[in-house]
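Chemist: So here's data.txt (compact mmCIF, C-alpha atoms).
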# COMPACT_ATOMS: atom_id res chain seq x y z
CA MET A 1 -3.94 -15.87 -25.20
CA PRO A 2 -3.52 -18.36 -22.32
CA HIS A 3 -0.80 -17.82 -19.77
CA GLN A 4 2.40 -19.81 -20.15
CA HIS A 5 4.62 -20.87 -17.27
CA LYS A 6 7.40 -18.40 -16.71
CA GLU A 7 10.87 -19.48 -15.72
CA ILE A 8 11.47 -17.95 -12.30
CA VAL A 9 15.02 -17.74 -10.98
CA ILE A 10 15.65 -15.62 -7.88
CA ASN A 11 19.14 -15.36 -6.42
CA ASN A 12 20.23 -18.28 -8.64
CA THR A 13 17.42 -20.43 -7.22
CA GLN A 14 15.01 -21.81 -9.80
CA ILE A 15 11.44 -22.32 -8.63
CA VAL A 16 9.52 -24.66 -10.93
CA PRO A 17 5.75 -25.10 -11.32
CA GLY A 18 4.20 -26.93 -8.37
CA GLN A 19 7.00 -25.88 -6.03
CA LYS A 20 7.19 -23.40 -3.18
CA ALA A 21 10.42 -21.89 -1.95
CA ASP A 22 11.78 -19.39 0.55
CA VAL A 23 14.64 -17.43 -0.95
CA ARG A 24 16.89 -15.05 0.98
CA LEU A 25 18.38 -12.08 -0.84
CA ASN A 26 21.33 -10.36 0.80
CA VAL A 27 20.77 -6.61 0.90
CA ALA A 28 23.65 -5.34 3.04
CA ARG A 29 24.66 -5.60 6.69
CA LEU A 30 24.26 -3.73 9.93
CA PRO A 31 27.22 -1.80 11.35
CA SER A 32 27.54 -4.66 13.85
CA GLY A 33 28.37 -7.00 10.99
CA THR A 34 25.00 -8.79 10.99
CA ASP A 35 23.85 -9.58 7.46
CA ILE A 36 20.44 -8.28 6.41
CA HIS A 37 18.43 -10.52 4.08
CA LEU A 38 15.24 -9.92 2.17
CA HIS A 39 12.92 -12.92 2.64
CA VAL A 40 11.07 -13.87 -0.55
CA HIS A 41 8.38 -16.57 -0.46
CA VAL A 42 7.39 -18.06 -3.81
CA PHE A 43 4.31 -20.22 -4.37
CA ARG A 44 3.79 -21.86 -7.79
CA SER A 45 0.80 -23.81 -9.03
CA GLN A 46 1.12 -26.68 -11.47
CA ARG A 47 -1.22 -24.76 -13.76
CA PRO A 48 -0.03 -21.73 -15.76
CA GLY A 49 -1.34 -18.34 -14.74
CA PRO A 50 -0.30 -14.80 -13.85
CA VAL A 51 2.54 -13.98 -11.47
CA ALA A 52 1.37 -11.73 -8.65
CA LEU A 53 3.48 -9.75 -6.18
CA VAL A 54 2.16 -9.34 -2.63
CA MET A 55 4.37 -7.02 -0.59
CA GLY A 56 4.50 -5.03 2.64
CA GLY A 57 6.99 -2.95 4.57
CA MET A 58 8.19 -0.63 1.80
CA HIS A 59 8.21 1.90 4.64
CA GLY A 60 9.50 0.30 7.81
CA ASP A 61 7.02 1.89 10.22
CA GLU A 62 3.91 0.93 8.23
CA VAL A 63 3.14 -2.19 10.22
CA ASN A 64 -0.41 -2.80 8.98
CA GLY A 65 0.98 -3.75 5.58
CA VAL A 66 3.50 -6.12 7.15
CA GLU A 67 0.73 -7.71 9.21
CA ILE A 68 -1.56 -8.18 6.22
CA VAL A 69 1.15 -10.04 4.32
CA ARG A 70 2.17 -12.03 7.40
CA ARG A 71 -1.39 -13.29 7.79
CA THR A 72 -1.44 -14.57 4.23
CA LEU A 73 1.57 -16.74 5.09
CA THR A 74 0.35 -17.84 8.53
CA ASN A 75 -3.07 -18.74 7.12
CA ARG A 76 -1.47 -20.59 4.18
CA LEU A 77 -3.47 -18.58 1.69
CA PHE A 78 -1.23 -19.47 -1.24
CA GLU A 79 -0.50 -23.11 -0.41
CA HIS A 80 -3.03 -24.49 -2.91
CA LEU A 81 -3.18 -22.03 -5.77
CA LYS A 82 -5.52 -23.00 -8.60
CA ALA A 83 -3.18 -21.40 -11.14
CA GLY A 84 -0.26 -19.02 -11.47
CA THR A 85 2.39 -17.85 -9.02
CA VAL A 86 2.48 -15.54 -6.02
CA ILE A 87 5.72 -13.89 -4.90
CA VAL A 88 5.40 -12.70 -1.31
CA ILE A 89 7.66 -10.18 0.45
CA PRO A 90 6.34 -9.38 3.94
CA LEU A 91 9.01 -6.79 4.73
CA LEU A 92 11.02 -4.91 2.10
CA ASN A 93 12.58 -2.17 4.24
CA ILE A 94 14.13 -4.20 7.03
CA TYR A 95 16.31 -1.29 8.18
CA GLY A 96 13.31 0.99 8.69
CA PHE A 97 11.40 -1.76 10.48
CA ILE A 98 14.23 -2.30 12.96
CA ASN A 99 14.43 1.43 13.67
CA PHE A 100 10.65 2.18 13.70
CA SER A 101 11.28 4.46 10.74
CA ARG A 102 9.73 5.12 7.36
CA ASP A 103 13.17 5.39 5.78
CA VAL A 104 16.53 3.66 5.91
CA PRO A 105 19.19 4.99 8.35
CA ASP A 106 20.62 7.52 5.88
CA GLY A 107 17.20 9.22 5.73
CA LYS A 108 16.36 8.18 2.18
CA ASP A 109 13.04 6.68 1.10
CA VAL A 110 13.22 3.31 -0.69
CA ASN A 111 10.05 4.27 -2.57
CA ARG A 112 11.80 7.27 -4.11
CA SER A 113 14.84 5.26 -5.20
CA PHE A 114 13.72 2.97 -8.06
CA PRO A 115 15.18 1.37 -10.09
CA GLY A 116 18.12 1.79 -7.72
CA SER A 117 21.81 1.15 -8.10
CA SER A 118 24.17 -1.58 -6.91
CA ASN A 119 26.66 1.04 -5.71
CA GLY A 120 24.29 3.81 -4.61
CA SER A 121 22.80 4.78 -1.25
CA LEU A 122 21.36 2.14 1.04
CA ALA A 123 17.81 2.90 -0.14
CA SER A 124 18.99 2.70 -3.73
CA ARG A 125 20.62 -0.69 -3.10
CA VAL A 126 17.41 -2.10 -1.60
CA ALA A 127 15.47 -0.85 -4.63
CA TYR A 128 18.09 -2.31 -6.97
CA VAL A 129 17.89 -5.79 -5.45
CA PHE A 130 14.11 -5.73 -5.87
CA SER A 131 14.25 -4.32 -9.42
CA LYS A 132 16.80 -6.91 -10.52
CA GLU A 133 15.60 -10.03 -8.73
CA ILE A 134 11.79 -9.66 -8.40
CA LEU A 135 10.21 -7.16 -10.77
CA PRO A 136 11.11 -8.91 -14.06
CA PHE A 137 8.89 -11.88 -13.20
CA ILE A 138 5.65 -10.26 -12.07
CA ASP A 139 2.52 -9.44 -14.09
CA PHE A 140 0.89 -7.26 -11.42
CA GLY A 141 1.44 -6.37 -7.79
CA ILE A 142 -0.25 -5.17 -4.61
CA ASP A 143 1.93 -3.08 -2.30
CA PHE A 144 0.46 -2.63 1.20
CA HIS A 145 0.97 0.72 2.97
CA THR A 146 -0.50 2.90 5.74
CA GLY A 147 -0.70 6.62 6.35
CA GLY A 148 2.60 8.23 7.30
CA GLY A 149 3.36 9.81 10.65
CA SER A 150 0.19 10.41 12.66
CA ARG A 151 -2.05 10.39 9.58
CA TYR A 152 -4.74 7.71 9.31
CA ASN A 153 -5.82 6.54 5.85
CA TYR A 154 -9.26 5.01 5.44
CA PRO A 155 -8.92 1.79 3.38
CA GLN A 156 -8.26 2.80 -0.21
CA ILE A 157 -6.46 1.77 -3.37
CA ARG A 158 -4.28 4.22 -5.24
CA TYR A 159 -3.57 3.37 -8.84
CA THR A 160 -2.12 5.01 -11.91
CA ALA A 161 -4.65 7.14 -13.76
CA LYS A 162 -5.22 6.11 -17.40
CA ASP A 163 -3.78 2.65 -16.72
CA GLU A 164 -6.73 0.45 -17.69
CA ALA A 165 -5.21 -2.74 -16.27
CA ALA A 166 -4.61 -1.05 -12.91
CA ALA A 167 -8.12 0.44 -12.90
CA GLU A 168 -9.63 -3.01 -13.46
CA LEU A 169 -7.56 -4.52 -10.66
CA ALA A 170 -8.49 -1.65 -8.34
CA ALA A 171 -12.22 -2.10 -8.99
CA THR A 172 -11.88 -5.82 -8.34
CA PHE A 173 -10.07 -5.18 -5.03
CA ALA A 174 -13.15 -3.12 -4.09
CA PRO A 175 -12.00 -1.05 -1.11
CA PRO A 176 -14.26 1.77 0.12
CA TYR A 177 -12.33 4.35 -1.92
CA LEU A 178 -10.37 4.27 -5.19
CA ILE A 179 -7.88 7.07 -5.86
CA PRO A 180 -6.57 7.36 -9.44
CA ASN A 181 -3.54 9.63 -9.58
CA LYS A 182 -0.15 10.18 -11.17
CA PRO A 183 2.65 8.05 -9.69
CA ILE A 184 5.64 9.81 -8.16
CA GLU A 185 8.85 9.59 -10.15
CA LYS A 186 11.31 6.98 -8.85
CA SER A 187 8.56 5.20 -6.92
CA LEU A 188 7.98 1.49 -7.49
CA ARG A 189 4.60 2.21 -9.05
CA TYR A 190 6.13 4.69 -11.52
CA TYR A 191 9.00 2.41 -12.50
CA ALA A 192 6.72 -0.62 -12.89
CA TYR A 193 4.20 1.40 -14.93
CA LYS A 194 6.94 2.35 -17.38
CA LYS A 195 7.55 -1.37 -17.83
CA GLY A 196 3.86 -2.14 -18.33
CA ILE A 197 3.33 -3.72 -14.90
CA PRO A 198 0.30 -2.44 -12.94
CA ILE A 199 0.91 -1.95 -9.22
CA LEU A 200 -1.88 -1.22 -6.74
CA ILE A 201 -1.01 0.74 -3.62
CA TYR A 202 -3.24 -0.20 -0.70
CA GLU A 203 -3.41 2.40 2.08
CA GLY A 204 -5.05 1.56 5.40
CA GLY A 205 -4.50 2.76 8.96
CA GLU A 206 -1.54 4.72 10.29
CA SER A 207 2.10 4.00 10.98
CA LEU A 208 3.26 2.09 14.10
CA ARG A 209 -0.30 1.13 15.01
CA PHE A 210 -2.36 -1.93 14.10
CA ASP A 211 -5.85 -1.27 12.77
CA GLY A 212 -8.02 -4.39 12.56
CA PHE A 213 -10.48 -2.84 10.11
CA SER A 214 -7.74 -1.86 7.65
CA ILE A 215 -6.08 -5.26 7.94
CA ARG A 216 -9.34 -7.09 7.18
CA GLU A 217 -10.11 -4.81 4.25
CA GLY A 218 -6.64 -5.40 2.81
CA LEU A 219 -6.94 -9.17 3.09
CA ASP A 220 -10.42 -9.21 1.57
CA GLY A 221 -9.36 -7.07 -1.37
CA LEU A 222 -6.31 -9.22 -2.08
CA LYS A 223 -8.48 -12.35 -2.11
CA ARG A 224 -10.93 -10.72 -4.53
CA VAL A 225 -8.16 -9.90 -6.98
CA LEU A 226 -6.57 -13.35 -6.89
CA PHE A 227 -9.99 -15.01 -7.18
CA ALA A 228 -10.81 -12.89 -10.23
CA LYS A 229 -7.51 -13.95 -11.77
CA GLY A 230 -8.42 -17.61 -11.31
CA MET A 231 -5.76 -18.17 -8.66
CA LEU A 232 -7.92 -18.81 -5.56
CA GLU A 233 -10.94 -21.04 -5.00
CA GLU A 234 -13.02 -18.42 -3.18
CA ALA A 235 -13.09 -14.82 -2.00
CA PRO A 236 -15.38 -12.37 -0.21
CA PRO A 237 -18.19 -11.06 -2.45
CA PRO A 238 -17.58 -7.85 -4.41
CA ARG A 239 -19.02 -4.62 -3.09
CA ASN A 240 -19.52 -1.03 -4.14
CA SER A 241 -16.65 1.47 -4.14
CA LEU A 242 -16.33 5.19 -4.75
CA ILE A 243 -13.76 6.70 -7.10
CA LEU A 244 -12.47 10.03 -5.78
CA ARG A 245 -10.89 11.84 -8.72
CA LYS A 246 -9.96 15.09 -6.94
CA SER A 247 -8.78 15.81 -3.43
CA THR A 248 -7.61 18.54 -1.10
CA TRP A 249 -6.35 18.88 2.46
CA ILE A 250 -8.23 20.91 5.03
CA ARG A 251 -5.47 22.56 7.07
CA ALA A 252 -5.21 23.83 10.63
CA PRO A 253 -6.46 27.44 10.84
CA ARG A 254 -4.17 28.07 13.83
CA SER A 255 -1.72 26.26 16.10
CA GLY A 256 -2.88 24.48 19.24
CA LEU A 257 -4.54 21.32 20.55
CA PHE A 258 -6.44 19.51 17.81
CA ILE A 259 -9.65 17.62 18.61
CA TRP A 260 -11.48 16.08 15.68
CA SER A 261 -15.20 15.35 15.74
CA THR A 262 -15.51 13.91 12.23
CA HIS A 263 -13.27 11.13 10.99
CA SER A 264 -12.25 9.22 7.88
CA GLY A 265 -14.91 7.34 5.95
CA GLN A 266 -17.60 9.97 6.45
CA LYS A 267 -19.33 12.14 3.89
CA VAL A 268 -19.20 15.87 4.61
CA MET A 269 -20.73 19.01 3.18
CA ALA A 270 -19.22 22.46 2.70
CA GLY A 271 -19.42 24.33 5.99
CA ASP A 272 -19.56 21.22 8.18
CA LYS A 273 -17.57 21.41 11.39
CA LEU A 274 -14.87 18.73 11.35
CA GLY A 275 -13.08 19.51 14.59
CA GLU A 276 -11.59 22.22 16.78
CA VAL A 277 -8.18 23.72 17.52
CA HIS A 278 -7.85 25.00 21.11
CA ASP A 279 -5.39 27.38 22.65
CA PRO A 280 -3.58 25.43 25.44
CA ASN A 281 -4.37 28.23 27.92
CA GLY A 282 -8.10 27.87 27.29
CA ASP A 283 -8.38 31.36 25.80
CA GLU A 284 -9.58 30.55 22.30
CA MET A 285 -11.17 27.86 20.14
CA VAL A 286 -11.14 27.91 16.36
CA PRO A 287 -13.41 25.51 14.45
CA VAL A 288 -12.08 23.45 11.53
CA LEU A 289 -14.61 23.68 8.71
CA SER A 290 -14.93 21.79 5.43
CA ASP A 291 -14.66 24.05 2.41
CA ARG A 292 -16.38 21.55 0.06
CA ASP A 293 -18.64 18.55 -0.26
CA GLY A 294 -16.86 15.20 -0.35
CA TYR A 295 -15.63 12.17 1.54
CA ILE A 296 -12.92 12.13 4.20
CA TYR A 297 -10.40 9.45 3.25
CA GLY A 298 -7.61 10.48 5.62
CA HIS A 299 -7.22 12.46 8.83
CA ASN A 300 -4.51 13.56 11.24
CA ASN A 301 -4.43 11.99 14.70
CA ALA A 302 -1.81 14.39 16.07
CA PRO A 303 -3.06 16.05 19.28
CA VAL A 304 -0.85 19.12 18.80
CA VAL A 305 -0.76 20.90 15.44
CA ASN A 306 0.78 23.95 13.87
CA GLN A 307 -1.04 26.42 11.68
CA GLY A 308 -1.17 25.01 8.15
CA ASP A 309 -0.79 21.35 9.15
CA ALA A 310 -2.84 18.93 7.05
CA LEU A 311 -5.84 17.71 9.11
CA PHE A 312 -8.44 16.14 6.80
CA HIS A 313 -7.98 14.69 3.31
CA ILE A 314 -11.22 15.19 1.41
CA GLY A 315 -11.96 13.59 -1.95
CA ASN A 316 -14.61 14.72 -4.41
CA ASP A 317 -15.50 14.49 -8.10
CA VAL A 318 -17.05 11.17 -7.11
CA GLU A 319 -17.95 8.21 -9.31
CA ALA A 320 -19.69 5.15 -7.87
CA ILE A 321 -18.72 1.65 -8.98
CA GLU A 322 -21.77 -0.52 -8.48
CA GLN A 323 -21.33 -4.14 -7.47
CA GLU A 324 -22.91 -5.59 -10.60
CA THR A 325 -20.36 -3.80 -12.82
CA LEU A 326 -17.33 -5.37 -11.11
Output the file's structure as structure tokens, nothing else.

Modeler:
Amino acid sequence: MPHQHKEIVINNTQIVPGQKADVRLNVARLPSGTDIHLHVHVFRSQRPGPVALVMGGMHGDEVNGVEIVRRTLTNRLFEHLKAGTVIVIPLLNIYGFINFSRDVPDGKDVNRSFPGSSNGSLASRVAYVFSKEILPFIDFGIDFHTGGGSRYNYPQIRYTAKDEAAAELAATFAPPYLIPNKPIEKSLRYYAYKKGIPILIYEGGESLRFDGFSIREGLDGLKRVLFAKGMLEEAPPPRNSLILRKSTWIRAPRSGLFIWSTHSGQKVMAGDKLGEVHDPNGDEMVPVLSDRDGYIYGHNNAPVVNQGDALFHIGNDVEAIEQETL
């Protein structure tokens, strides 16, 4: 069945086919009295097609995602869509961004607050504005993230297991790694899944630090998806990906100074040395060993660790997606 044009009205502003608009949604205000607005950029083609969400900054310190979305606007990626609509939100969690924080000032995580409430916590109010004003219009979305804290994530897409639409989108995005898993309750992905809307979570890089490789991979994958949906004229060619169906963390065997010698994106075998933890007095070194075969898709960049800290995220139960099957 061909797509039909949807009526899109955000904050009482109607955006018609062939139009682009910048809409500001009031979220709340700072203690100083300064109003905080969510900036929503809407691009509509004259031709009917799907409505895609492109979003960054769910967590305020995850700047790679914000930068990926900013580049789409600066480079005018959506100015001449072949079909459909793209709704762009470069920065959802403005409070966290201002404070270099994952969360809002009350310590709550916006991505654990959906669908939110108009009279709830600050995180809940941000989620509510999004759930009410944006989510009803979209057919699918790509939410750009990075690793939290000092953890680096190799470019990957996380999607809801058993969601065929999400799996197809993920394969089309074609990052190095695909991670099917169960969405966390009250996350955007969970809430959208319950409404039949597939959301891809892109992870690349670490918080508060730009990573050019992760930014490029995110942009390329986004273009592949929109091209496959008939919304863009061209995109980078598809490429092979690996599905990692199981994963585990290799943890610090003792506390001390952590020096890694193997990093994300590499294949490892059981027994391989991944790094070392040193006593600060130079008395002892304990190797960090892999306990299985697999691929490292995340690692910890913290120089000082405690016993039990997560150091390397290793995925296994691997399935290859060959280019010709995309």

Chemist: Select from region 146-217 of chain A every residue with an atom at most 10 Å from any atom of region 259-266 of chain A, then for each give the shortest pair of atoms and their distance in Å to one decimal, using all atoms listed in the file, rows by chain and rising number, as a Markdown table.

Modeler:
| residue | atom | partner | partner_atom | distance |
| --- | --- | --- | --- | --- |
| A:Tyr152 | CA | A:Ser264 | CA | 7.8 |
| A:Asn153 | CA | A:Ser264 | CA | 7.3 |
| A:Tyr154 | CA | A:Ser264 | CA | 5.7 |
| A:Pro155 | CA | A:Gly265 | CA | 8.6 |
| A:Pro176 | CA | A:Gly265 | CA | 8.1 |
| A:Tyr177 | CA | A:Gly265 | CA | 8.8 |

Chemist: Just C-alpha atoms for this one: save the residues we selected as a short mmCIF file (atom, residue, chain, number, x, y, z; two decimals), in the coordinates of the input.

Modeler:
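File written: out30.cif
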data_model
loop_
_atom_site.label_atom_id
_atom_site.label_comp_id
_atom_site.auth_asym_id
_atom_site.auth_seq_id
_atom_site.Cartn_x
_atom_site.Cartn_y
_atom_site.Cartn_z
CA TYR A 152 -4.74 7.71 9.31
CA ASN A 153 -5.82 6.54 5.85
CA TYR A 154 -9.26 5.01 5.44
CA PRO A 155 -8.92 1.79 3.38
CA PRO A 176 -14.26 1.77 0.12
CA TYR A 177 -12.33 4.35 -1.92
#

Chemist: Quick check, in Å to one decimal: how far apart do CA of Val54 (chain A) and CA of Ala21 (chain A) lie?

Modeler: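 Interatomic distance here is 15.0 Å.
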
Chemist: Write out as a PyMOL selection string the residues lying within 6 Å of Gly57 (chain A), counting all atoms listed in the file and excluding same-chain residues fewer than 4 positions away.

Modeler: chain A and resi 66+91-93

Chemist: Those selected residues, please, written with C-alpha atoms and delivered as a short mmCIF file (atom, residue, chain, number, x, y, z; two decimals), in the coordinates of the input.

Modeler:
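Saved to out12.cif:
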data_model
loop_
_atom_site.label_atom_id
_atom_site.label_comp_id
_atom_site.auth_asym_id
_atom_site.auth_seq_id
_atom_site.Cartn_x
_atom_site.Cartn_y
_atom_site.Cartn_z
CA VAL A 66 3.50 -6.12 7.15
CA LEU A 91 9.01 -6.79 4.73
CA LEU A 92 11.02 -4.91 2.10
CA ASN A 93 12.58 -2.17 4.24
#

Chemist: Which residues are near Ile321 (chain A)? Cut-off 8 Å, all atoms listed in the file, ignore same chain within fewer than 6 positions. Put them as a list in words.

Modeler: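 Neighbouring residues, sequence-local ones excluded: Ala171, Asn240, Ser241, Leu242 and Ile243 of chain A.
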
Chemist: Skipping near chain neighbours, those fewer than 3 positions away, what residues fall within 12 Å of region 45-49 of chain A using only C-alpha atoms, listed as a PyMOL selection string?

Modeler: chain A and resi 1-7+15-20+42+52+78-87+138-140+226-232

Chemist: Those same residues, written as an mmCIF file, in the coordinates of the input with C-alpha atoms?

Modeler:
data_model
loop_
_atom_site.group_PDB
_atom_site.id
_atom_site.type_symbol
_atom_site.label_atom_id
_atom_site.label_comp_id
_atom_site.auth_asym_id
_atom_site.auth_seq_id
_atom_site.Cartn_x
_atom_site.Cartn_y
_atom_site.Cartn_z
ATOM 1 C CA MET A 1 -3.940 -15.870 -25.200
ATOM 2 C CA PRO A 2 -3.520 -18.360 -22.320
ATOM 3 C CA HIS A 3 -0.800 -17.820 -19.770
ATOM 4 C CA GLN A 4 2.400 -19.810 -20.150
ATOM 5 C CA HIS A 5 4.620 -20.870 -17.270
ATOM 6 C CA LYS A 6 7.400 -18.400 -16.710
ATOM 7 C CA GLU A 7 10.870 -19.480 -15.720
ATOM 8 C CA ILE A 15 11.440 -22.320 -8.630
ATOM 9 C CA VAL A 16 9.520 -24.660 -10.930
ATOM 10 C CA PRO A 17 5.750 -25.100 -11.320
ATOM 11 C CA GLY A 18 4.200 -26.930 -8.370
ATOM 12 C CA GLN A 19 7.000 -25.880 -6.030
ATOM 13 C CA LYS A 20 7.190 -23.400 -3.180
ATOM 14 C CA VAL A 42 7.390 -18.060 -3.810
ATOM 15 C CA ALA A 52 1.370 -11.730 -8.650
ATOM 16 C CA PHE A 78 -1.230 -19.470 -1.240
ATOM 17 C CA GLU A 79 -0.500 -23.110 -0.410
ATOM 18 C CA HIS A 80 -3.030 -24.490 -2.910
ATOM 19 C CA LEU A 81 -3.180 -22.030 -5.770
ATOM 20 C CA LYS A 82 -5.520 -23.000 -8.600
ATOM 21 C CA ALA A 83 -3.180 -21.400 -11.140
ATOM 22 C CA GLY A 84 -0.260 -19.020 -11.470
ATOM 23 C CA THR A 85 2.390 -17.850 -9.020
ATOM 24 C CA VAL A 86 2.480 -15.540 -6.020
ATOM 25 C CA ILE A 87 5.720 -13.890 -4.900
ATOM 26 C CA ILE A 138 5.650 -10.260 -12.070
ATOM 27 C CA ASP A 139 2.520 -9.440 -14.090
ATOM 28 C CA PHE A 140 0.890 -7.260 -11.420
ATOM 29 C CA LEU A 226 -6.570 -13.350 -6.890
ATOM 30 C CA PHE A 227 -9.990 -15.010 -7.180
ATOM 31 C CA ALA A 228 -10.810 -12.890 -10.230
ATOM 32 C CA LYS A 229 -7.510 -13.950 -11.770
ATOM 33 C CA GLY A 230 -8.420 -17.610 -11.310
ATOM 34 C CA MET A 231 -5.760 -18.170 -8.660
ATOM 35 C CA LEU A 232 -7.920 -18.810 -5.560
#

Chemist: Counting only C-alpha atoms, which residue out of A:Leu219, A:Val63, A:Ile199, A:Ala270 sits closest to Pro175 (chain A)?

Modeler: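 Checking each candidate against Pro175 (chain A), we get A:Leu219 as the closest.
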
Chemist: Looking at A:Ser121, A:Leu257, A:Phe312, A:Ile8, which one is nearest to Ile134 (chain A), with distances taken over all atoms listed in the file?

Modeler: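 Checking each candidate against Ile134 (chain A), we get A:Ile8 as the closest.
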
Chemist: Expressed in Å to a single decimal, how great is the separation between CA of Arg158 (chain A) and CA of Ile215 (chain A)?

Modeler: 16.3 Å

Chemist: Anything within 8 Å of (17.2, -5.9, -1.2): list those residues as a ChimeraX atom specification, counting all atoms listed in the file and sticking to the file's coordinates.

Modeler: /A:25-28,37-38,92,125-130
